[in-house]
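K.L.:
Coordinates in protein14.cif, mmCIF, C-alpha atoms, are listed below.
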data_input
#
loop_
_atom_site.label_atom_id
_atom_site.label_comp_id
_atom_site.auth_asym_id
_atom_site.auth_seq_id
_atom_site.Cartn_x
_atom_site.Cartn_y
_atom_site.Cartn_z
CA MET A 1 0.00 0.00 0.00
CA TYR A 2 1.34 3.47 -0.83
CA ILE A 3 0.18 7.09 -1.03
CA ALA A 4 0.05 8.92 -4.37
CA ASP A 5 -0.34 12.67 -4.91
CA LEU A 6 -0.76 13.15 -8.64
CA HIS A 7 -1.73 16.81 -9.03
CA ILE A 8 0.90 19.37 -8.05
CA HIS A 9 2.71 22.30 -9.67
CA SER A 10 6.28 23.43 -10.32
CA LYS A 11 8.01 26.75 -9.76
CA TYR A 12 7.04 27.63 -13.34
CA SER A 13 3.33 27.98 -12.50
CA ARG A 14 2.01 31.36 -11.42
CA ALA A 15 1.54 31.97 -7.69
CA THR A 16 3.68 29.01 -6.64
CA SER A 17 6.74 28.56 -4.44
CA LYS A 18 10.22 28.81 -5.94
CA GLU A 19 11.03 25.69 -3.90
CA LEU A 20 8.93 23.52 -6.21
CA GLU A 21 11.95 21.73 -7.66
CA PRO A 22 12.73 17.99 -7.76
CA GLU A 23 14.96 17.97 -4.66
CA PRO A 24 12.51 19.68 -2.25
CA LEU A 25 9.63 17.63 -3.68
CA ASP A 26 11.60 14.45 -2.98
CA ALA A 27 12.42 15.60 0.57
CA TRP A 28 8.84 16.58 1.41
CA ALA A 29 7.43 13.39 -0.09
CA ARG A 30 9.71 11.45 2.31
CA ARG A 31 8.53 13.56 5.26
CA LYS A 32 4.91 13.06 4.29
CA GLY A 33 5.22 9.35 3.51
CA ILE A 34 4.18 9.72 -0.12
CA GLY A 35 5.40 7.00 -2.47
CA LEU A 36 4.33 8.48 -5.82
CA VAL A 37 4.35 12.17 -6.76
CA GLY A 38 3.20 13.86 -9.94
CA THR A 39 5.78 16.10 -11.57
CA GLY A 40 3.21 18.74 -12.50
CA ASP A 41 3.58 21.20 -15.36
CA PHE A 42 4.91 18.82 -18.05
CA THR A 43 3.96 21.33 -20.77
CA HIS A 44 6.58 23.87 -19.64
CA PRO A 45 9.81 23.37 -21.64
CA ALA A 46 12.16 24.60 -18.91
CA TRP A 47 10.55 22.27 -16.36
CA ARG A 48 10.80 19.30 -18.72
CA ALA A 49 14.49 20.09 -19.21
CA GLU A 50 15.01 20.20 -15.44
CA LEU A 51 13.18 16.90 -15.02
CA ARG A 52 15.34 15.25 -17.69
CA GLU A 53 18.45 16.56 -15.94
CA LYS A 54 17.53 15.56 -12.40
CA LEU A 55 15.40 12.40 -12.73
CA LEU A 56 16.33 8.85 -13.68
CA PRO A 57 13.98 6.22 -15.14
CA ALA A 58 13.00 3.81 -12.36
CA GLY A 59 11.14 1.30 -14.53
CA GLY A 60 7.45 0.94 -15.22
CA GLY A 61 7.13 4.48 -16.60
CA LEU A 62 8.18 6.15 -13.33
CA TYR A 63 11.25 8.15 -12.26
CA THR A 64 13.39 8.79 -9.17
CA LEU A 65 15.71 11.63 -8.18
CA LYS A 66 19.10 11.09 -9.83
CA ASP A 67 21.30 12.11 -6.92
CA GLY A 68 19.38 10.41 -4.11
CA GLY A 69 17.54 12.53 -1.59
CA THR A 70 17.49 13.74 1.98
CA GLY A 71 15.06 15.34 4.40
CA GLY A 72 12.84 12.47 5.44
CA PRO A 73 12.85 10.32 8.58
CA PRO A 74 15.57 7.65 8.88
CA GLY A 75 15.07 4.83 6.41
CA ALA A 76 12.42 6.65 4.37
CA GLU A 77 11.87 5.13 0.93
CA PRO A 78 12.65 7.40 -2.02
CA PRO A 79 9.45 8.47 -3.80
CA ARG A 80 8.75 7.75 -7.46
CA PHE A 81 7.69 10.49 -9.87
CA VAL A 82 5.07 10.20 -12.61
CA VAL A 83 4.77 12.75 -15.43
CA THR A 84 1.71 14.95 -14.90
CA GLY A 85 0.36 18.37 -15.73
CA GLU A 86 -2.72 20.57 -15.47
CA ILE A 87 -4.10 22.49 -18.44
CA SER A 88 -6.64 25.31 -18.34
CA THR A 89 -9.03 25.56 -21.27
CA ILE A 90 -11.17 28.68 -21.80
CA TYR A 91 -13.65 28.64 -24.66
CA LYS A 92 -17.18 29.39 -25.80
CA LYS A 93 -19.71 26.58 -25.95
CA ASP A 94 -23.50 26.79 -26.34
CA GLY A 95 -23.38 30.55 -25.88
CA ARG A 96 -21.46 30.45 -22.58
CA THR A 97 -17.82 30.97 -21.62
CA ARG A 98 -16.44 27.73 -20.17
CA LYS A 99 -13.32 27.49 -18.01
CA VAL A 100 -12.22 23.94 -17.24
CA HIS A 101 -9.01 22.54 -15.72
CA SER A 102 -7.81 19.07 -16.70
CA LEU A 103 -5.21 16.80 -15.11
CA ILE A 104 -3.19 14.67 -17.55
CA LEU A 105 -0.89 11.77 -16.61
CA LEU A 106 1.63 10.37 -19.10
CA PRO A 107 3.89 7.29 -19.21
CA SER A 108 7.15 9.12 -20.02
CA LEU A 109 8.90 12.43 -20.56
CA GLU A 110 9.05 11.52 -24.24
CA ALA A 111 5.25 11.37 -24.35
CA ALA A 112 5.17 14.75 -22.60
CA GLU A 113 7.46 16.15 -25.29
CA ASP A 114 5.21 14.89 -28.08
CA LEU A 115 1.99 16.20 -26.57
CA SER A 116 3.57 19.55 -25.71
CA HIS A 117 4.70 20.02 -29.31
CA ARG A 118 1.11 19.47 -30.47
CA LEU A 119 -0.25 21.94 -27.94
CA GLU A 120 2.35 24.60 -28.81
CA ALA A 121 0.52 25.14 -32.09
CA ILE A 122 -2.59 26.12 -30.09
CA GLY A 123 -1.29 28.38 -27.32
CA ASN A 124 1.66 29.71 -25.33
CA LEU A 125 3.25 27.03 -23.15
CA HIS A 126 6.20 29.15 -22.01
CA SER A 127 4.62 31.76 -19.75
CA ASP A 128 2.89 29.50 -17.23
CA GLY A 129 3.37 25.92 -16.04
CA ARG A 130 -0.39 25.58 -16.12
CA PRO A 131 -1.04 26.98 -19.61
CA ILE A 132 -4.30 28.53 -20.75
CA LEU A 133 -5.49 27.29 -24.13
CA GLY A 134 -8.43 28.49 -26.18
CA LEU A 135 -9.49 24.94 -26.82
CA ASP A 136 -12.66 22.95 -26.18
CA SER A 137 -12.12 20.41 -23.36
CA ARG A 138 -13.41 17.67 -25.65
CA ASP A 139 -10.77 18.59 -28.24
CA LEU A 140 -8.01 18.63 -25.62
CA LEU A 141 -9.03 15.10 -24.67
CA GLU A 142 -8.97 14.05 -28.33
CA ILE A 143 -5.50 15.53 -28.93
CA THR A 144 -4.18 13.90 -25.73
CA LEU A 145 -5.41 10.43 -26.69
CA ASP A 146 -4.24 10.87 -30.29
CA CYS A 147 -0.72 11.72 -29.10
CA CYS A 148 -0.62 9.12 -26.33
CA PRO A 149 -3.33 6.44 -26.11
CA GLN A 150 -1.91 5.43 -22.68
CA ALA A 151 -2.59 8.90 -21.22
CA ILE A 152 -4.86 9.26 -18.19
CA PHE A 153 -7.22 12.25 -18.47
CA ILE A 154 -8.99 13.43 -15.30
CA PRO A 155 -11.25 16.49 -14.96
CA ALA A 156 -9.60 18.47 -12.15
CA HIS A 157 -11.28 19.67 -8.90
CA ILE A 158 -14.64 19.26 -10.60
CA TRP A 159 -16.68 21.58 -8.34
CA THR A 160 -14.41 24.64 -8.00
CA PRO A 161 -16.52 27.68 -8.97
CA HIS A 162 -14.25 29.37 -11.50
CA PHE A 163 -12.26 26.67 -13.32
CA SER A 164 -13.90 23.25 -13.36
CA LEU A 165 -16.35 20.91 -15.02
CA PHE A 166 -19.33 21.45 -12.68
CA GLY A 167 -18.31 24.82 -11.18
CA ALA A 168 -20.92 27.56 -11.03
CA PHE A 169 -19.20 29.64 -13.71
CA SER A 170 -18.59 26.85 -16.25
CA ASP A 171 -22.06 25.47 -15.50
CA PHE A 172 -21.90 22.07 -17.19
CA SER A 173 -24.55 19.78 -15.74
CA THR A 174 -23.23 16.48 -17.13
CA LEU A 175 -19.95 15.11 -18.43
CA GLU A 176 -21.55 14.56 -21.81
CA GLU A 177 -22.23 18.29 -22.18
CA CYS A 178 -18.49 18.88 -21.84
CA TYR A 179 -16.83 15.90 -23.54
CA GLY A 180 -19.52 14.76 -25.98
CA ASP A 181 -18.69 11.60 -27.90
CA LEU A 182 -15.42 11.15 -25.96
CA SER A 183 -17.05 11.01 -22.52
CA GLY A 184 -16.41 7.26 -22.38
CA HIS A 185 -12.67 7.95 -22.08
CA ILE A 186 -13.19 9.63 -18.69
CA HIS A 187 -12.97 7.12 -15.84
CA ALA A 188 -12.02 9.18 -12.76
CA LEU A 189 -12.94 12.59 -11.36
CA GLU A 190 -10.94 14.71 -8.92
CA THR A 191 -13.06 15.81 -5.95
CA GLY A 192 -11.07 18.94 -5.02
CA LEU A 193 -10.44 20.31 -1.55
CA SER A 194 -13.97 21.64 -1.01
CA SER A 195 -15.84 18.37 -1.61
CA ASP A 196 -15.51 14.80 -0.39
CA PRO A 197 -16.81 11.41 -1.65
CA PRO A 198 -20.16 11.50 0.21
CA MET A 199 -21.00 14.82 -1.42
CA ASN A 200 -20.21 13.43 -4.87
CA ARG A 201 -22.16 10.23 -4.25
CA ARG A 202 -25.35 12.25 -3.99
CA LEU A 203 -25.32 12.37 -7.81
CA SER A 204 -26.32 9.09 -9.45
CA MET A 205 -24.76 10.23 -12.74
CA LEU A 206 -21.33 10.02 -11.04
CA ASP A 207 -21.78 6.44 -9.83
CA ARG A 208 -19.84 5.02 -12.76
CA TYR A 209 -16.78 7.19 -12.09
CA LEU A 210 -13.94 6.65 -9.65
CA LEU A 211 -13.21 9.51 -7.28
CA VAL A 212 -9.61 10.60 -6.76
CA SER A 213 -8.05 13.30 -4.57
CA ASN A 214 -4.82 15.25 -4.89
CA SER A 215 -3.22 18.22 -3.18
CA ASP A 216 -2.93 20.65 -6.14
CA ALA A 217 0.10 21.78 -4.12
CA HIS A 218 1.57 25.22 -4.81
CA SER A 219 4.43 24.60 -2.36
CA PRO A 220 6.27 21.40 -1.34
CA ALA A 221 4.93 21.55 2.22
CA LYS A 222 1.36 21.20 0.90
CA LEU A 223 2.03 17.78 -0.65
CA GLY A 224 -0.40 15.11 0.45
CA ARG A 225 -3.07 17.36 1.96
CA GLU A 226 -5.29 15.23 -0.28
CA ALA A 227 -4.05 12.01 -1.87
CA ASN A 228 -4.86 8.50 -3.08
CA VAL A 229 -4.18 5.19 -1.36
CA LEU A 230 -3.02 2.57 -3.86
CA GLU A 231 -2.25 -1.13 -3.57
CA GLY A 232 0.59 -3.10 -5.14
CA ALA A 233 3.94 -2.06 -6.58
CA PRO A 234 3.96 1.40 -8.19
CA SER A 235 4.16 1.51 -11.99
CA TYR A 236 2.43 3.51 -14.69
CA PRO A 237 0.48 0.51 -16.07
CA ALA A 238 -0.74 -0.32 -12.55
CA LEU A 239 -1.66 3.32 -11.94
CA ARG A 240 -3.60 3.46 -15.19
CA ARG A 241 -5.44 0.26 -14.33
CA ALA A 242 -6.30 1.61 -10.87
CA LEU A 243 -7.63 4.91 -12.23
CA GLU A 244 -9.61 3.30 -15.06
CA THR A 245 -11.03 0.17 -13.40
CA GLY A 246 -10.59 0.73 -9.66
CA GLU A 247 -8.38 -2.35 -9.35
CA GLY A 248 -5.60 -1.28 -6.98
CA LEU A 249 -7.29 1.98 -5.89
CA HIS A 250 -7.90 1.37 -2.19
CA GLY A 251 -9.36 4.80 -1.35
CA THR A 252 -8.55 8.46 -0.78
CA VAL A 253 -7.22 10.85 1.84
CA GLU A 254 -9.37 13.98 2.03
CA PHE A 255 -9.51 17.44 3.56
CA TYR A 256 -12.48 18.04 5.74
CA PRO A 257 -14.38 19.73 2.86
CA GLU A 258 -15.29 22.76 5.00
CA GLU A 259 -11.59 23.65 5.05
CA GLY A 260 -11.60 24.12 1.27
CA LYS A 261 -11.77 27.73 0.20
CA TYR A 262 -14.90 27.36 -1.92
CA HIS A 263 -17.09 25.11 0.23
CA LEU A 264 -19.87 27.62 0.97
CA ASP A 265 -21.21 30.61 -0.95
CA GLY A 266 -20.16 34.13 -0.17
CA HIS A 267 -18.47 37.41 -0.88
CA ARG A 268 -15.09 37.69 0.78
CA ARG A 269 -14.82 41.47 0.38
CA CYS A 270 -17.97 41.87 2.46
CA GLN A 271 -17.07 39.03 4.86
CA CYS A 272 -20.35 37.41 3.91
CA CYS A 273 -20.52 33.59 4.13
CA LEU A 274 -23.80 31.82 3.35
CA GLU A 275 -25.34 28.37 3.30
CA PRO A 276 -27.01 27.26 0.03
CA ALA A 277 -30.56 27.97 1.32
CA GLU A 278 -29.56 31.49 2.36
CA THR A 279 -28.06 32.17 -1.07
CA ALA A 280 -31.23 30.95 -2.78
CA ALA A 281 -33.40 33.18 -0.56
CA LEU A 282 -31.26 36.19 -1.52
CA GLY A 283 -31.42 35.42 -5.25
CA GLY A 284 -27.66 34.87 -5.36
CA ARG A 285 -26.92 38.49 -4.36
CA CYS A 286 -24.67 39.68 -1.53
CA PRO A 287 -26.83 41.21 1.23
CA VAL A 288 -24.08 43.79 1.92
CA CYS A 289 -23.18 45.17 -1.52
CA GLY A 290 -25.80 43.65 -3.79
CA ARG A 291 -23.30 42.07 -6.18
CA ALA A 292 -23.39 38.45 -7.33
CA LEU A 293 -22.15 35.96 -4.75
CA THR A 294 -19.53 33.34 -5.55
CA VAL A 295 -21.58 30.16 -5.53
CA GLY A 296 -19.59 27.45 -3.76
CA VAL A 297 -19.25 23.71 -4.03
CA LEU A 298 -22.00 22.71 -1.61
CA SER A 299 -24.56 24.80 -3.51
CA ARG A 300 -23.60 23.25 -6.84
CA VAL A 301 -23.85 19.76 -5.37
CA GLU A 302 -27.30 20.65 -4.03
CA GLN A 303 -28.36 21.96 -7.45
CA LEU A 304 -27.31 18.82 -9.34
CA ALA A 305 -27.90 16.11 -6.74
CA ASP A 306 -30.74 13.63 -7.23
CA ARG A 307 -30.29 11.97 -3.83
CA ALA A 308 -31.01 13.36 -0.39
CA ALA A 309 -28.25 11.17 1.07
CA PRO A 310 -25.14 9.68 -0.54
CA ALA A 311 -25.18 6.22 -2.04
CA PRO A 312 -22.95 3.60 -0.34
CA LEU A 313 -19.31 4.43 -1.00
CA PRO A 314 -17.47 1.87 -3.18
CA LYS A 315 -14.09 3.04 -1.83
CA PRO A 316 -13.19 4.13 1.71
CA PHE A 317 -11.86 7.57 2.52
CA GLU A 318 -10.23 9.31 5.49
CA SER A 319 -10.63 12.96 6.45
CA LEU A 320 -7.33 14.31 7.80
CA ILE A 321 -5.92 17.58 9.06
CA PRO A 322 -2.29 18.27 8.04
CA LEU A 323 0.05 17.61 10.96
CA PRO A 324 1.35 21.24 11.15
CA GLU A 325 -2.26 22.36 11.63
CA VAL A 326 -2.78 19.76 14.36
CA LEU A 327 0.37 20.98 16.11
CA ALA A 328 -0.64 24.63 15.68
CA ASP A 329 -4.00 23.93 17.33
CA CYS A 330 -2.23 22.23 20.24
CA LEU A 331 0.60 24.73 20.67
CA GLY A 332 -1.39 27.93 20.16
CA ALA A 333 0.85 29.10 17.31
CA GLY A 334 0.54 29.45 13.55
CA PRO A 335 1.22 26.41 11.29
CA ALA A 336 4.17 28.26 9.68
CA SER A 337 5.63 29.47 12.98
CA LYS A 338 9.15 28.45 13.96
CA ARG A 339 7.87 26.60 17.03
CA VAL A 340 5.42 24.47 15.03
CA GLN A 341 7.89 23.76 12.23
CA GLU A 342 10.63 22.68 14.64
CA THR A 343 8.18 20.42 16.47
CA TYR A 344 7.00 18.98 13.16
CA ILE A 345 10.50 18.07 11.97
CA SER A 346 11.36 16.61 15.39
CA LEU A 347 8.27 14.38 15.38
CA ILE A 348 8.92 13.19 11.84
CA ARG A 349 12.44 12.14 12.81
CA ARG A 350 11.25 10.29 15.92
CA LEU A 351 7.91 8.82 14.83
CA GLY A 352 8.18 8.47 11.07
CA PRO A 353 6.35 10.11 8.14
CA GLU A 354 3.38 12.44 8.63
CA MET A 355 0.87 10.05 7.03
CA ARG A 356 1.88 7.30 9.47
CA ILE A 357 1.43 9.64 12.44
CA LEU A 358 -1.97 10.88 11.25
CA ARG A 359 -3.36 7.56 10.02
CA GLU A 360 -1.74 4.62 11.77
CA LEU A 361 0.27 5.33 14.90
CA ASP A 362 -1.18 4.39 18.29
CA PRO A 363 -2.12 7.60 20.15
CA ALA A 364 -0.21 6.26 23.17
CA ASP A 365 2.99 6.31 21.10
CA ILE A 366 2.21 9.84 19.95
CA GLU A 367 1.59 10.94 23.52
CA ARG A 368 4.97 9.61 24.69
CA GLU A 369 6.79 11.75 22.12
CA ALA A 370 4.52 14.78 21.67
CA GLY A 371 2.37 15.05 24.78
CA PHE A 372 -1.30 14.53 25.60
CA ALA A 373 -2.72 17.41 23.52
CA VAL A 374 -1.23 16.23 20.22
CA ALA A 375 -2.29 12.62 20.84
CA GLU A 376 -5.81 13.75 21.78
CA GLY A 377 -5.94 15.99 18.71
CA VAL A 378 -5.06 13.08 16.42
CA ARG A 379 -7.66 10.88 18.15
CA ARG A 380 -10.37 13.53 17.67
CA MET A 381 -9.38 14.06 14.03
CA ARG A 382 -9.65 10.34 13.27
CA ALA A 383 -13.06 10.22 14.96
CA GLY A 384 -14.34 13.30 13.10
CA GLN A 385 -14.76 15.17 16.39
CA VAL A 386 -13.74 18.52 14.96
CA ILE A 387 -15.02 22.12 14.97
CA ARG A 388 -15.72 23.34 11.43
CA LYS A 389 -15.70 26.90 10.13
CA ALA A 390 -16.31 26.64 6.38
CA GLY A 391 -14.35 28.41 3.69
CA TYR A 392 -15.93 30.57 0.98
CA ASP A 393 -15.05 32.79 -2.01
CA GLY A 394 -11.32 31.97 -1.92
CA GLU A 395 -11.02 32.06 1.89
CA TYR A 396 -9.84 28.78 3.44
CA GLY A 397 -12.00 27.37 6.21
CA VAL A 398 -10.67 26.41 9.64
CA ILE A 399 -10.93 22.95 11.18
CA SER A 400 -10.22 23.08 14.92
CA LEU A 401 -9.68 20.27 17.39
CA PHE A 402 -10.13 22.23 20.60
CA ALA A 403 -12.41 25.03 21.69
CA PRO A 404 -10.66 28.24 22.82
#
Let me see the file written as structure tokens.
P.N.:
Amino acid sequence: MYIADLHIHSKYSRATSKELEPEPLDAWARRKGIGLVGTGDFTHPAWRAELREKLLPAGGGLYTLKDGGTGGPPGAEPPRFVVTGEISTIYKKDGRTRKVHSLILLPSLEAAEDLSHRLEAIGNLHSDGRPILGLDSRDLLEITLDCCPQAIFIPAHIWTPHFSLFGAFSDFSTLEECYGDLSGHIHALETGLSSDPPMNRRLSMLDRYLLVSNSDAHSPAKLGREANVLEGAPSYPALRRALETGEGLHGTVEFYPEEGKYHLDGHRRCQCCLEPAETAALGGRCPVCGRALTVGVLSRVEQLADRAAPAPLPKPFESLIPLPEVLADCLGAGPASKRVQETYISLIRRLGPEMRILRELDPADIEREAGFAVAEGVRRMRAGQVIRKAGYDGEYGVISLFAP
């Protein structure tokens, strides 16, 4: 069993950390306990060149860091890398402007080179690691499969308001509206930070699709905040089989969806956060300024759902809080504070990777090394005994373990 985070970015994407390079990604994957990491941004020529320079083929369509790696707990296994990238398509369809993000996985850097050359004829791939193309999502899927039939194509964070398949601004109501005759080539959907499997399983039309989760990390420290749990030895053929048939996909690791920054509706400028029923009663208008509200994920699920309660889940999932946030709640300091970061690194060295601490370790062992509060926080997190303040309109929510 291993953890896979397949949707991340590089330093060549806008609004990302300059530390998003192979060496820090390797180090943070070791700290987190992640066995397979997406490269992100395969369309960017400078990033592909850096990947060719710093990665070695590890067999089965995967890669490892050429010069070894450091930064994880003692004995940590080196992670594998799989070639991935996210593409933004903005286009007119049926009289509406559509903005959809797509996650693409490929079996080699050579395949990435071929597909990138095809896409260069359509738009600029040099200015952003997540390029924007004036291309119908259905046509992007066709080009991808034409260039590489082994590619895995996944609609990204499908509920995000501004850039997704079902988001309020793109406003597709079915996959067929978006992908037409090629819809049968879609097998998995990415839930995104603001939704979880039970929310998605309220839509019977999604029953035939696998649900996957990834971090969409814009810095190495955010790796694994959402991820997939896979069975067997990592390889690209096994990954493709897992994401197309479910064989080998054990389940997912999720945010509490309220922590996602688009869970509820609202208007951040006016500090106005609303539940779906409140938004409907207001006609979608901010009660402070009168402008249109950003309609969040929960509202869109409510609009499209045909079930009052979710269907039985075919795959298990776990809702986790990143360990720095657990420590911050216990120590009364910010997650990025020096005190929390030093405690985090110390615990990783003594107890093993973050995922092991959050998911597997006996709370008694945590208490011996980190004290009662941290052990109790982990126990409450696993039990879902958390305090939720939902995010909205680009503002992250807060999941707390203890009352003030």
K.L.:
CA of Ile186 (chain A) to CA of His44 (chain A): how many Å, to one decimal?
P.N.:
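Pair CA of Ile186 (chain A) / CA of His44 (chain A) returns 24.4 Å.
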K.L.:
Apply the PyMOL selection byres ((chain A and resi 175) around 10) to the structure shown and report the selected residues as a VMD selection string.
P.N.:
chain A and resid 155 165 to 166 172 to 174 176 to 180 182 to 184 186 205 to 206
K.L.:
Please expand the PyMOL selection byres ((chain A and resi 134) around 7) into the concrete residues it hits in this file, giving the result as a PyMOL selection string.
P.N.:
chain A and resi 89-91+132-133+135-136
K.L.:
Thr160 (chain A): which residues within 9 Å, counting only C-alpha atoms, same-chain residues fewer than 5 positions away excluded, as a list in words?
P.N.:
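Counting only C-alpha atoms, the residues come to Leu165, Phe166, Gly167, Ala168, Phe169, Gly192, Leu193, Ser194, Tyr262, His263, Gly296 and Val297 of chain A.
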K.L.:
For Cys270 (chain A), which of A:Pro107, A:Gly290, A:Pro314, A:Gly251 is the closest residue, counting all atoms listed in the file?
P.N.:
A:Gly290
K.L.:
I'd like to know which of A:Tyr236, A:Tyr344, A:Tyr12, A:Tyr392 is closest to Val83 (chain A), using all atoms listed in the file.
P.N.:
A:Tyr236
K.L.:
What's the 7 Å shell around Cys273 (chain A), counting all atoms listed in the file, without same-chain residues fewer than 2 positions away, as an MDAnalysis selection string?
P.N.:
chainID A and resid 264:267 271 392
K.L.:
Got time to write the residues from that selection, C-alpha atoms, as a PDB file, in the frame of the given file?
P.N.:
ATOM      1  CA  LEU A 264     -19.870  27.620   0.970  1.00  0.00           C
ATOM      2  CA  ASP A 265     -21.210  30.610  -0.950  1.00  0.00           C
ATOM      3  CA  GLY A 266     -20.160  34.130  -0.170  1.00  0.00           C
ATOM      4  CA  HIS A 267     -18.470  37.410  -0.880  1.00  0.00           C
ATOM      5  CA  GLN A 271     -17.070  39.030   4.860  1.00  0.00           C
ATOM      6  CA  TYR A 392     -15.930  30.570   0.980  1.00  0.00           C
TER       7      TYR A 392
END
K.L.:
One number please: CA of Cys148 (chain A) to CA of Ala111 (chain A), in Å, one decimal.
P.N.:
6.6 Å
K.L.:
So how far away is CA of Arg130 (chain A) from CA of Arg31 (chain A), in Å?
P.N.:
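These atoms are spaced 26.1 Å apart.
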K.L.:
Using all atoms listed in the file, can you tell me which of A:Leu109, A:Ala336, A:Leu56, A:Ile152 comes closest to Leu6 (chain A)?
P.N.:
A:Ile152
